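work_10.txt, holding compact mmCIF, C-alpha atoms:
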```txt
# COMPACT_ATOMS: atom_id res chain seq x y z
CA MET T 1 133.94 75.72 27.01
CA ARG T 2 130.90 77.60 25.83
CA ALA T 3 127.81 75.53 24.97
CA PHE T 4 126.63 75.53 21.37
CA GLY T 5 123.18 76.80 20.53
CA PRO T 6 120.95 79.48 22.05
CA PRO T 7 120.33 79.41 25.83
CA HIS T 8 116.67 78.49 25.49
CA HIS T 9 117.61 75.50 23.31
CA ASN T 10 120.15 74.24 25.86
CA ALA T 11 117.61 74.66 28.65
CA ALA T 12 115.03 72.69 26.68
CA VAL T 13 117.50 69.86 26.08
CA ALA T 14 118.38 69.77 29.79
CA HIS T 15 114.69 69.76 30.72
CA ILE T 16 113.95 66.86 28.37
CA ALA T 17 116.93 64.89 29.71
CA SER T 18 115.72 65.49 33.28
CA LEU T 19 112.21 64.40 32.31
CA VAL T 20 113.54 61.18 30.75
CA VAL T 21 115.46 60.37 33.95
CA THR T 22 112.34 61.03 36.05
CA ILE T 23 110.18 58.80 33.86
CA ARG T 24 112.74 55.99 33.96
CA SER T 25 112.98 56.26 37.76
CA ALA T 26 109.20 56.15 38.05
CA LEU T 27 108.99 53.10 35.79
CA THR T 28 111.76 51.42 37.77
CA PHE T 29 109.91 51.99 41.04
CA LEU T 30 106.63 50.83 39.50
CA LEU T 31 108.29 47.69 38.15
CA ILE T 32 109.64 46.79 41.60
CA ALA T 33 106.37 47.72 43.34
CA VAL T 34 104.35 45.42 41.09
CA GLY T 35 106.42 42.44 42.20
CA LEU T 36 106.22 43.40 45.87
CA ILE T 37 102.47 44.01 45.80
CA GLY T 38 101.91 40.75 43.97
CA ARG T 39 103.95 38.78 46.52
CA SER T 40 102.20 40.44 49.46
CA ALA T 41 98.77 39.77 47.97
CA LEU T 42 99.73 36.14 47.36
CA ASP T 43 101.00 35.76 50.94
CA LYS T 44 97.74 37.19 52.27
CA VAL T 45 95.69 34.69 50.26
CA LEU T 46 97.88 31.82 51.45
CA THR T 47 97.61 33.00 55.08
CA VAL T 48 93.82 33.05 54.84
CA GLN T 49 93.89 29.55 53.35
CA GLY T 50 96.32 27.96 55.82
CA GLY T 51 97.99 30.44 58.17
CA ALA T 52 101.70 31.15 58.54
CA GLU T 53 102.54 27.49 57.93
CA ARG T 54 101.20 27.71 54.37
CA VAL T 55 103.29 30.82 53.74
CA ALA T 56 106.37 28.91 54.88
CA LEU T 57 105.54 25.98 52.59
CA TRP T 58 105.12 28.31 49.63
CA GLY T 59 108.53 29.74 50.53
CA GLN T 60 109.98 26.23 50.21
CA ILE T 61 108.41 25.70 46.79
CA SER T 62 109.44 29.11 45.49
CA SER T 63 113.01 28.48 46.67
CA ILE T 64 113.15 25.45 44.36
CA PHE T 65 112.01 27.67 41.48
CA ASP T 66 114.58 30.31 42.47
CA ILE T 67 117.46 27.83 42.64
CA VAL T 68 116.84 26.69 39.06
CA THR T 69 116.43 30.18 37.59
CA GLY T 70 119.13 31.58 39.86
CA VAL T 71 122.00 29.67 38.26
CA ALA T 72 121.28 31.78 35.16
CA SER T 73 120.00 35.07 36.63
CA ALA T 74 122.68 35.55 39.28
CA GLY T 75 125.53 35.05 36.82
CA VAL T 76 124.82 35.04 33.11
CA GLY T 77 121.83 37.35 33.58
CA ALA T 78 123.95 40.02 35.24
CA GLY T 79 126.70 39.52 32.66
CA LEU T 80 124.14 39.96 29.90
CA VAL T 81 123.23 43.39 31.29
CA VAL T 82 126.91 44.37 31.40
CA TYR T 83 127.76 43.27 27.84
CA VAL T 84 124.54 44.48 26.18
CA THR T 85 125.02 47.86 27.88
CA ARG T 86 128.55 48.07 26.42
CA SER T 87 127.52 46.90 22.93
CA GLN T 88 126.43 49.48 20.40
CA ARG T 89 125.41 47.13 17.56
CA LYS T 90 122.01 45.42 17.68
CA ALA T 91 123.46 42.27 16.13
CA ALA T 92 126.05 42.00 18.89
CA GLN T 93 123.39 42.56 21.56
CA ARG T 94 121.21 39.78 20.13
CA GLU T 95 124.24 37.51 19.97
CA HIS T 96 124.82 38.07 23.67
CA LEU T 97 121.15 37.23 24.37
CA SER T 98 121.30 34.08 22.26
CA GLU T 99 124.42 32.86 24.04
CA ALA T 100 122.99 33.76 27.45
CA CYS T 101 119.86 31.70 26.76
CA GLY T 102 121.93 28.71 25.65
CA ILE T 103 124.23 28.87 28.69
CA GLY T 104 121.35 29.50 31.08
CA LEU T 105 119.24 26.58 29.90
CA ARG T 106 122.19 24.18 29.88
CA LEU T 107 123.16 25.20 33.42
CA ALA T 108 119.63 25.05 34.79
CA LEU T 109 118.62 21.67 33.34
CA PRO T 110 120.81 19.40 35.52
CA VAL T 111 119.97 21.52 38.57
CA ALA T 112 116.25 21.08 37.88
CA LEU T 113 116.65 17.31 37.43
CA VAL T 114 118.65 16.92 40.65
CA LEU T 115 116.13 18.95 42.65
CA SER T 116 113.21 17.02 41.20
CA ALA T 117 114.79 13.70 42.16
CA GLY T 118 115.97 14.98 45.52
CA SER T 119 112.52 16.21 46.51
CA TRP T 120 111.31 12.60 46.71
CA LEU T 121 114.16 11.66 49.05
CA LEU T 122 114.12 14.79 51.20
CA ASN T 123 110.46 15.70 51.35
CA ASP T 124 110.38 15.28 55.12
CA VAL T 125 113.22 17.81 55.48
CA LEU T 126 111.83 20.21 52.88
CA SER T 127 108.25 20.35 54.06
CA GLY T 128 107.81 17.98 56.98
CA ALA T 129 105.94 15.75 54.48
CA ARG T 130 103.14 18.33 54.49
CA ILE T 131 102.98 18.64 50.69
CA SER T 132 103.56 16.24 47.82
CA PRO T 133 107.09 15.97 46.36
CA TRP T 134 105.40 16.43 42.99
CA PHE T 135 105.00 20.11 43.92
CA PHE T 136 108.77 20.52 44.17
CA ALA T 137 109.28 18.70 40.86
CA VAL T 138 106.75 21.01 39.19
CA ALA T 139 108.52 24.06 40.64
CA ALA T 140 111.88 22.80 39.31
CA ALA T 141 110.45 22.29 35.81
CA ALA T 142 108.79 25.71 35.88
CA GLY T 143 112.10 27.24 36.98
CA TRP T 144 113.91 25.73 33.98
CA ILE T 145 111.33 27.17 31.58
CA GLY T 146 111.40 30.46 33.48
CA VAL T 147 115.07 31.00 32.59
CA ILE T 148 114.01 32.35 29.17
CA PRO T 149 111.72 35.21 30.30
CA MET T 150 114.17 36.10 33.04
CA LEU T 151 117.06 36.52 30.57
CA ILE T 152 114.95 38.43 28.07
CA SER T 153 113.92 40.75 30.90
CA ASN T 154 117.62 41.38 31.60
CA TYR T 155 118.12 42.06 27.89
CA TRP T 156 115.34 44.66 28.01
CA LEU T 157 116.91 46.13 31.15
CA ALA T 158 120.23 46.74 29.41
CA GLN T 159 118.34 48.48 26.58
CA ARG T 160 116.21 50.39 29.15
CA HIS T 161 112.98 49.02 27.72
CA TYR T 162 111.08 49.26 31.00
CA GLY T 163 107.62 49.08 29.43
CA PRO T 164 107.81 45.42 28.32
CA MET T 165 109.44 44.49 31.64
CA LEU T 166 106.56 46.12 33.50
CA MET T 167 103.93 44.34 31.41
CA MET T 168 105.59 40.99 32.04
CA ALA T 169 105.79 41.64 35.79
CA ILE T 170 102.11 42.59 35.96
CA ALA T 171 101.10 39.50 33.98
CA GLN T 172 103.20 37.18 36.12
CA SER T 173 101.99 38.60 39.46
CA GLY T 174 98.38 38.59 38.30
CA LEU T 175 98.50 35.00 37.06
CA MET T 176 100.05 33.77 40.32
CA LEU T 177 97.32 35.42 42.37
CA VAL T 178 94.59 34.05 40.10
CA ALA T 179 96.07 30.54 40.41
CA ALA T 180 96.06 30.76 44.21
CA LEU T 181 92.40 31.79 44.20
CA ALA T 182 91.11 29.61 41.38
CA PHE T 183 92.57 26.18 42.14
CA PRO T 184 91.77 23.93 45.10
CA ALA T 185 93.92 24.58 48.17
CA ARG T 186 95.55 21.13 47.97
CA SER T 187 97.02 21.84 44.52
CA ALA T 188 97.15 25.66 44.40
CA LEU T 189 100.81 25.90 45.42
CA ALA T 190 101.89 23.79 42.45
CA TRP T 191 99.79 25.84 40.03
CA VAL T 192 101.19 29.09 41.39
CA ALA T 193 104.68 27.75 40.60
CA VAL T 194 103.60 26.78 37.08
CA VAL T 195 102.21 30.17 36.09
CA GLN T 196 105.51 31.90 36.99
CA ALA T 197 106.93 30.38 33.80
CA LEU T 198 103.99 31.19 31.48
CA PRO T 199 105.63 34.27 29.90
CA ALA T 200 108.09 31.85 28.30
CA ALA T 201 105.29 30.69 26.01
CA VAL T 202 105.17 34.12 24.33
CA LEU T 203 108.59 35.69 24.66
CA PRO T 204 110.56 33.39 22.29
CA PHE T 205 108.40 34.68 19.42
CA LEU T 206 109.54 38.24 19.99
CA SER T 207 112.15 39.62 17.62
CA THR T 208 114.57 40.29 20.48
CA ALA T 209 114.80 36.56 21.14
CA LYS T 210 115.98 35.67 17.64
CA SER T 211 119.30 33.87 17.50
CA GLU T 212 122.26 35.61 15.95
CA ARG T 213 125.72 34.33 15.09
CA GLY T 214 128.53 36.78 15.64
CA ARG T 215 132.24 37.15 16.17
CA PHE T 216 132.51 35.07 19.36
CA TYR T 217 133.23 31.39 19.35
CA ARG T 218 130.88 29.74 21.84
CA ARG T 219 133.72 28.12 23.74
CA ARG T 220 135.22 31.52 24.58
CA HIS T 221 132.20 33.82 24.74
CA PRO T 222 132.84 36.42 27.47
CA LEU T 223 129.53 35.63 29.16
CA ARG T 224 131.01 32.31 30.25
CA ARG T 225 133.06 34.05 32.92
CA TYR T 226 129.73 34.64 34.75
CA ILE T 227 128.94 30.93 35.06
CA LEU T 228 130.85 30.56 38.34
CA PRO T 229 129.05 33.34 40.28
CA GLY T 230 125.77 32.15 38.79
CA LEU T 231 126.30 28.68 40.21
CA SER T 232 127.50 30.11 43.52
CA ILE T 233 124.83 32.75 44.16
CA GLY T 234 122.06 31.12 42.16
CA ILE T 235 122.26 27.85 44.06
CA PHE T 236 123.48 28.87 47.49
CA SER T 237 121.16 31.83 48.13
CA PRO T 238 117.74 30.18 47.59
CA LEU T 239 119.02 26.84 48.89
CA SER T 240 120.14 28.59 52.05
CA MET T 241 116.69 30.11 52.56
CA LEU T 242 115.10 26.71 52.03
CA LEU T 243 117.40 25.15 54.64
CA VAL T 244 116.92 27.99 57.12
CA ARG T 245 113.15 27.60 57.07
CA SER T 246 113.58 23.86 57.60
CA ALA T 247 115.97 24.49 60.53
CA VAL T 248 113.58 26.94 62.18
CA ALA T 249 110.70 24.51 61.70
CA GLU T 250 112.76 21.72 63.28
CA ALA T 251 113.95 23.80 66.25
CA LEU T 252 110.72 25.75 66.77
CA SER T 253 107.73 25.05 64.47
CA TRP T 254 106.50 25.55 60.92
CA HIS T 255 104.44 28.47 62.26
CA ASP T 256 107.67 30.15 63.41
CA ALA T 257 109.19 29.39 60.03
CA GLY T 258 106.23 31.27 58.56
CA VAL T 259 106.88 34.19 60.92
CA LEU T 260 110.52 34.22 59.76
CA GLN T 261 109.31 34.24 56.16
CA ALA T 262 106.99 37.16 56.98
CA LEU T 263 109.91 39.14 58.42
CA PHE T 264 111.94 38.47 55.29
CA ARG T 265 108.99 39.58 53.16
CA MET T 266 108.61 42.79 55.15
CA ALA T 267 112.33 43.53 54.85
CA ASP T 268 111.98 42.83 51.13
CA TRP T 269 109.83 45.93 50.78
CA VAL T 270 113.07 47.84 51.31
CA CYS T 271 115.64 45.31 50.06
CA ALA T 272 113.82 44.58 46.81
CA ILE T 273 113.41 48.27 45.99
CA ALA T 274 117.07 48.93 46.77
CA GLY T 275 118.24 45.83 44.89
CA GLY T 276 115.95 46.70 41.99
CA PHE T 277 117.37 50.20 41.66
CA LEU T 278 120.90 48.86 41.97
CA SER T 279 120.19 46.34 39.21
CA LEU T 280 117.98 48.44 36.95
CA VAL T 281 119.72 51.81 37.35
CA HIS T 282 123.18 51.52 38.87
CA LEU T 283 124.51 48.28 37.30
CA PRO T 284 124.26 49.71 33.76
CA ARG T 285 125.93 52.89 35.05
CA PHE T 286 128.71 50.90 36.73
CA ALA T 287 129.20 48.99 33.47
CA ALA T 288 129.35 52.19 31.42
CA ALA T 289 131.87 53.89 33.76
CA ARG T 290 135.15 52.68 32.31
CA SER T 291 137.60 55.05 33.98
CA ALA T 292 138.52 54.66 37.66
CA PRO T 293 137.37 58.18 38.66
CA ALA T 294 134.02 57.77 36.92
CA PHE T 295 133.53 54.38 38.54
CA ALA T 296 134.35 55.74 42.01
CA LEU T 297 131.87 58.57 41.45
CA GLU T 298 129.12 56.12 40.45
CA LEU T 299 129.87 53.99 43.51
CA LYS T 300 129.55 56.97 45.87
CA SER T 301 126.37 58.09 44.10
CA ALA T 302 124.81 54.65 44.49
CA ALA T 303 125.68 54.51 48.20
CA LYS T 304 124.31 57.99 48.84
CA ALA T 305 121.10 57.33 46.92
CA THR T 306 120.49 53.98 48.59
CA LEU T 307 121.62 53.69 52.21
CA LEU T 308 120.07 56.75 53.87
CA PRO T 309 116.58 56.29 52.36
CA CYS T 310 116.71 52.58 53.22
CA ALA T 311 117.69 53.30 56.83
CA ALA T 312 114.75 55.70 57.13
CA ALA T 313 112.40 53.13 55.56
CA PHE T 314 113.51 50.40 57.97
CA ALA T 315 112.97 52.77 60.90
CA VAL T 316 109.39 53.39 59.76
CA LEU T 317 108.77 49.67 59.25
CA PHE T 318 110.11 48.93 62.73
CA VAL T 319 107.69 51.39 64.32
CA LEU T 320 104.75 49.94 62.34
CA HIS T 321 105.75 46.28 62.16
CA ARG T 322 103.05 44.92 64.48
CA PRO T 323 100.01 46.36 62.67
CA LEU T 324 101.65 45.68 59.30
CA LEU T 325 102.26 42.00 60.07
CA GLU T 326 98.69 41.65 61.27
CA ALA T 327 97.32 43.35 58.15
CA LEU T 328 99.55 41.49 55.69
CA TYR T 329 99.12 38.10 57.39
CA ASP T 330 97.04 37.60 60.56
CA PRO T 331 97.24 38.42 64.30
CA SER T 332 99.19 35.23 65.05
CA VAL T 333 102.12 36.34 62.86
CA GLN T 334 104.21 38.44 65.26
CA ALA T 335 107.83 38.67 66.44
CA SER T 336 109.56 40.48 69.30
CA ASP T 337 110.88 44.01 68.84
CA LEU T 338 114.44 42.71 69.29
CA ALA T 339 114.09 40.09 66.57
CA VAL T 340 112.61 42.62 64.14
CA ALA T 341 115.33 45.20 64.92
CA LEU T 342 118.10 42.66 64.34
CA PHE T 343 116.63 41.44 61.05
CA PHE T 344 116.12 45.00 59.79
CA THR T 345 119.63 46.09 60.79
CA GLY T 346 121.12 43.04 59.10
CA SER T 347 119.04 43.78 56.00
CA LEU T 348 120.40 47.34 55.85
CA VAL T 349 123.95 45.96 56.03
CA ARG T 350 122.91 43.51 53.30
CA ILE T 351 121.96 46.41 51.00
CA GLY T 352 125.32 48.03 51.61
CA ALA T 353 127.02 44.77 50.64
CA TRP T 354 124.88 44.62 47.49
CA ILE T 355 126.16 48.01 46.32
CA LEU T 356 129.67 46.57 46.40
CA LEU T 357 128.45 43.33 44.81
CA PHE T 358 127.07 45.13 41.75
CA ALA T 359 130.32 47.06 41.50
CA LEU T 360 132.15 43.72 41.36
CA TYR T 361 129.74 42.50 38.65
CA ALA T 362 130.47 45.58 36.55
CA ARG T 363 134.22 45.10 36.97
CA ARG T 364 133.81 41.43 36.01
CA ARG T 365 135.42 40.17 39.24
CA THR T 366 133.51 36.92 39.01
CA ARG T 367 135.86 34.80 41.12
CA GLU T 368 135.59 37.24 44.03
CA ILE T 369 131.79 37.28 43.67
CA ALA T 370 131.62 33.47 43.87
CA ILE T 371 133.87 33.28 46.93
CA GLY T 372 132.08 36.12 48.71
CA GLU T 373 128.71 34.44 48.31
CA LEU T 374 129.80 31.85 50.89
CA LEU T 375 129.91 34.62 53.49
CA SER T 376 126.28 35.71 53.01
CA LEU T 377 123.31 33.35 53.17
CA PRO T 378 125.41 30.15 53.31
CA LEU T 379 127.21 31.50 56.40
CA PHE T 380 123.82 32.36 57.90
CA VAL T 381 122.67 28.76 57.35
CA VAL T 382 125.79 27.35 59.03
CA LEU T 383 125.28 29.63 62.02
CA VAL T 384 121.58 28.75 62.31
CA PHE T 385 122.23 25.01 62.18
CA GLY T 386 125.05 25.48 64.68
CA ALA T 387 122.59 27.04 67.14
CA GLY T 388 120.53 23.83 67.09
CA ARG T 389 117.87 23.66 69.79
CA LEU T 390 119.05 26.96 71.29
CA LEU T 391 117.72 28.76 68.20
CA THR T 392 115.17 31.53 68.68
CA LEU T 393 113.95 34.19 66.27
CA GLU T 394 116.02 36.73 68.22
CA LEU T 395 119.16 34.63 67.86
CA ALA T 396 118.38 34.09 64.16
CA GLY T 397 118.20 37.88 63.74
CA ALA T 398 121.59 38.31 65.43
CA LEU T 399 123.12 35.65 63.19
CA TRP T 400 121.60 37.37 60.15
CA LEU T 401 123.39 40.58 61.13
CA VAL T 402 126.70 38.79 61.76
CA ALA T 403 126.61 37.03 58.38
CA TYR T 404 126.02 40.21 56.40
CA CYS T 405 128.65 42.16 58.31
CA ALA T 406 131.13 39.49 57.18
CA TYR T 407 129.81 39.61 53.61
CA GLY T 408 129.98 43.41 53.44
CA ALA T 409 133.55 43.45 54.78
CA TYR T 410 134.64 40.91 52.16
CA ASN T 411 133.00 42.81 49.28
CA LEU T 412 134.57 46.10 50.41
CA ARG T 413 138.01 44.51 50.41
CA ALA T 414 137.39 42.95 46.98
CA VAL T 415 136.28 46.26 45.46
CA ARG T 416 139.34 48.04 46.85
CA GLN T 417 141.64 45.37 45.44
CA SER T 418 139.94 45.58 42.03
CA ARG T 419 140.48 49.35 41.95
CA ASN T 420 144.17 48.94 42.78
CA ALA T 421 144.52 46.31 40.06
CA ARG T 422 143.32 48.54 37.24
```

Could you express the structure from this file as structure tokens?
Amino acid sequence: MRAFGPPHHNAAVAHIASLVVTIRSALTFLLIAVGLIGRSALDKVLTVQGGAERVALWGQISSIFDIVTGVASAGVGAGLVVYVTRSQRKAAQREHLSEACGIGLRLALPVALVLSAGSWLLNDVLSGARISPWFFAVAAAAGWIGVIPMLISNYWLAQRHYGPMLMMAIAQSGLMLVAALAFPARSALAWVAVVQALPAAVLPFLSTAKSERGRFYRRRHPLRRYILPGLSIGIFSPLSMLLVRSAVAEALSWHDAGVLQALFRMADWVCAIAGGFLSLVHLPRFAAARSAPAFALELKSAAKATLLPCAAAFAVLFVLHRPLLEALYDPSVQASDLAVALFFTGSLVRIGAWILLFALYARRRTREIAIGELLSLPLFVVLVFGAGRLLTLELAGALWLVAYCAYGAYNLRAVRQSRNAR
């Protein structure tokens, strides 16, 4: 069919569309980079203050924060992106946000209370009694408050309002770094956890956070189908990381737990960018692709755009990992080439599994998502604890790879079944 309008007009429209895509991609990358740079800067400050052990302890505290926010972000937050993307009316979009906030806060509150109480009983396991259990209670409370800015950020994502998301990320990263530098070392970790939730003090006053009543009855709102994967991924993933660091500290030392955390952080430079693009760019596209052929095309596009660049990035990081670890932390934070290779290979497989995971989110296969989560980080934890005193960083890397091979295989099977079912 012949295009309407003069050729120069069509070319101008195509150029503008291409420019919009480029700007959105740049903003997406910048948004992810801000978080990564902020975390690396914070880790460097903590290393200077107390070495790799302090980095590991901050990892324990941040896992508490992540567990509380995760029960909302990993389920209802992803569902919010899907349903806001599919909604054309502003009133319906705000209704989805209002319901997501209500569900998220109700889910996160009991989790925060349990973690706060449990930190007093399990402080020796969580930190080797190196920090006060009050720090974990503060992190749990901050996580509950932090549910609000996290969900509003997802709302902006569905609307492709990257500017406000970027401003919030810059503010959050900057405040965390300032807290680490400004407060005494003995209390800085708790204050860093607190400032993560500060955007919640401003965001509820924005117009996008206003409550709306719409056509859904609360007891059957479609976002509720995302509660199960939220509980599964939101709790198990950060809890697994918390337990893994404790297991490594028990079998080896808290310094080695800090080295493990440093390897995860380095891999995050690739994983977070890939996961960010999958969430910020490809999840809305998966959600918008309603026909099977269009969905398959988006899935192939996401795999092509993600896996090869990530493999190249991991190869570069492997070559440079020794000077990078020394620069980002200190000379004592090092791991063998074999351990680094295994962790990076497992992380690449992890990204491949994530592509399939976001496809399952878009197809609303929430039961499969919840079951599959048991084959990722929770399986890794079981394998690490099973190793016991035989555990080394090299063995941990091998177990990391095994766990994500199992997770990727499960997600691939689930996606294929979902395509056959439609």

**OP:** Would you list the contacts of segment 103-105 of chain T as number ranges by chain, taking every protein, DNA or RNA residue within 7 Å and counting only C-alpha atoms, but skipping same-chain residues closer than 2 positions in sequence?
**Re:** T: 72, 76, 99-101, 107-109, 144, 147

Which polymer residues have any atom within 10 Å of an atom of segment 391-396 of chain T, counting all atoms listed in the file, with same-chain residues fewer than 4 positions away left out, as a compact mmCIF listing (two decimals) with C-alpha atoms, keeping the file's coordinate frame?
```txt
# COMPACT_ATOMS: atom_id res chain seq x y z
CA VAL T 244 116.92 27.99 57.12
CA ALA T 247 115.97 24.49 60.53
CA VAL T 248 113.58 26.94 62.18
CA GLU T 250 112.76 21.72 63.28
CA ALA T 251 113.95 23.80 66.25
CA LEU T 252 110.72 25.75 66.77
CA ASP T 256 107.67 30.15 63.41
CA ALA T 257 109.19 29.39 60.03
CA VAL T 259 106.88 34.19 60.92
CA LEU T 260 110.52 34.22 59.76
CA ALA T 335 107.83 38.67 66.44
CA SER T 336 109.56 40.48 69.30
CA ASP T 337 110.88 44.01 68.84
CA LEU T 338 114.44 42.71 69.29
CA ALA T 339 114.09 40.09 66.57
CA VAL T 340 112.61 42.62 64.14
CA ALA T 341 115.33 45.20 64.92
CA LEU T 342 118.10 42.66 64.34
CA PHE T 343 116.63 41.44 61.05
CA PHE T 380 123.82 32.36 57.90
CA VAL T 381 122.67 28.76 57.35
CA LEU T 383 125.28 29.63 62.02
CA VAL T 384 121.58 28.75 62.31
CA PHE T 385 122.23 25.01 62.18
CA GLY T 386 125.05 25.48 64.68
CA ALA T 387 122.59 27.04 67.14
CA TRP T 400 121.60 37.37 60.15
CA LEU T 401 123.39 40.58 61.13
CA VAL T 402 126.70 38.79 61.76
```

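If you measure from each of T:Ala327, T:Met168, T:Ala182, T:Ala359 to Ser279 of chain T using only C-alpha atoms, the closest one turns out to be T:Ala359.
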
Subject >> T:Ser119, T:Ser63, T:Thr69, T:Gln196 ranked by distance to Gly38 of chain T, top pick (using all atoms listed in the file) >> reply: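 Selected residue with least distance to Gly38 of chain T: T:Gln196.
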
With all atoms of segment 283-287 of chain T from the file as input, state the centre and edge lengths in Å to one decimal of the axis-aligned box that has 5 Å extra on each side, as AutoDock Vina command-line options.
```
--center_x 126.7 --center_y 50.6 --center_z 35.4 --size_x 14.9 --size_y 14.6 --size_z 13.8
```

Residues near Gly276 of chain T, cut-off 9 Å, all atoms listed in the file, skip fewer than 3 positions along chain, as a tab-separated table (two decimals) with C-alpha atoms, in the frame of the given file:
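Writing the result to around28.tsv gives the following:
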```tsv
chain	number	residue	atom	x	y	z
T	28	THR	CA	111.76	51.42	37.77
T	29	PHE	CA	109.91	51.99	41.04
T	31	LEU	CA	108.29	47.69	38.15
T	32	ILE	CA	109.64	46.79	41.60
T	271	CYS	CA	115.64	45.31	50.06
T	272	ALA	CA	113.82	44.58	46.81
T	273	ILE	CA	113.41	48.27	45.99
T	279	SER	CA	120.19	46.34	39.21
T	280	LEU	CA	117.98	48.44	36.95
T	281	VAL	CA	119.72	51.81	37.35
```

**OP:** Tell me, as a PyMOL selection string, which residues lie within 10 Å of Ile170 of chain T, counting only C-alpha atoms; anything in the same chain fewer than 6 positions away does not count.
**Re:** chain T and resi 31+33-35+37-38+164

Selection to disk with C-alpha atoms, as an mmCIF file, keeping the file's coordinate frame:
```
data_model
loop_
_atom_site.group_PDB
_atom_site.id
_atom_site.type_symbol
_atom_site.label_atom_id
_atom_site.label_comp_id
_atom_site.auth_asym_id
_atom_site.auth_seq_id
_atom_site.Cartn_x
_atom_site.Cartn_y
_atom_site.Cartn_z
ATOM 1 C CA LEU T 31 108.290 47.690 38.150
ATOM 2 C CA ALA T 33 106.370 47.720 43.340
ATOM 3 C CA VAL T 34 104.350 45.420 41.090
ATOM 4 C CA GLY T 35 106.420 42.440 42.200
ATOM 5 C CA ILE T 37 102.470 44.010 45.800
ATOM 6 C CA GLY T 38 101.910 40.750 43.970
ATOM 7 C CA PRO T 164 107.810 45.420 28.320
#
```

**OP:** Go through T:Ala137, T:Ala78, T:Val125, T:Met150 and flag the residue nearest Ile369 of chain T, using all atoms listed in the file for the distances.
**Re:**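 Among the listed residues, T:Ala78 lies closest to Ile369 of chain T.
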
**OP:** Go through T:Val316, T:Tyr410, T:Val382, T:Ala370 and flag the residue nearest Leu356 of chain T, using all atoms listed in the file for the distances.
**Re:**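 With all atoms listed in the file as the atom set, the closest residue is T:Tyr410.
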
Subject >> Selection: 10 Å around Leu57 of chain T, all atoms listed in the file, excl. self and same-chain fewer than 5 positions, as number ranges by chain >> reply: T: 46, 50, 52, 62-63, 126-128, 130-131, 189, 242, 245-246, 254, 257-258, 261

Subject >> Coordinates-based distance that separates atom CA of Ala398 of chain T from atom CA of Thr47 of chain T (Å, one decimal) >> reply: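 Interatomic distance, atom CA of Thr47 of chain T to atom CA of Ala398 of chain T: 26.7 Å.
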
Original post:
Quick one: of T:Gly70, T:Gly352, T:Gly118, T:Pro222, who's nearest to Leu278 of chain T, counting all atoms listed in the file?
Top reply: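 So, comparing all the options, the nearest one is T:Gly352.
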
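Put simply, atom CA of Ala197 of chain T is 10.1 Å away from atom CA of Met176 of chain T.
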
Original post:
When you draw a straight line from atom CA of Arg225 of chain T to atom CA of Glu95 of chain T, how long is it in Å?
Top reply: 16.0 Å

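The shortest atom-to-atom distance to Trp269 of chain T, with all atoms listed in the file taken into account, belongs to T:Leu317 out of T:Gly143, T:Phe136, T:Leu80, T:Leu317.
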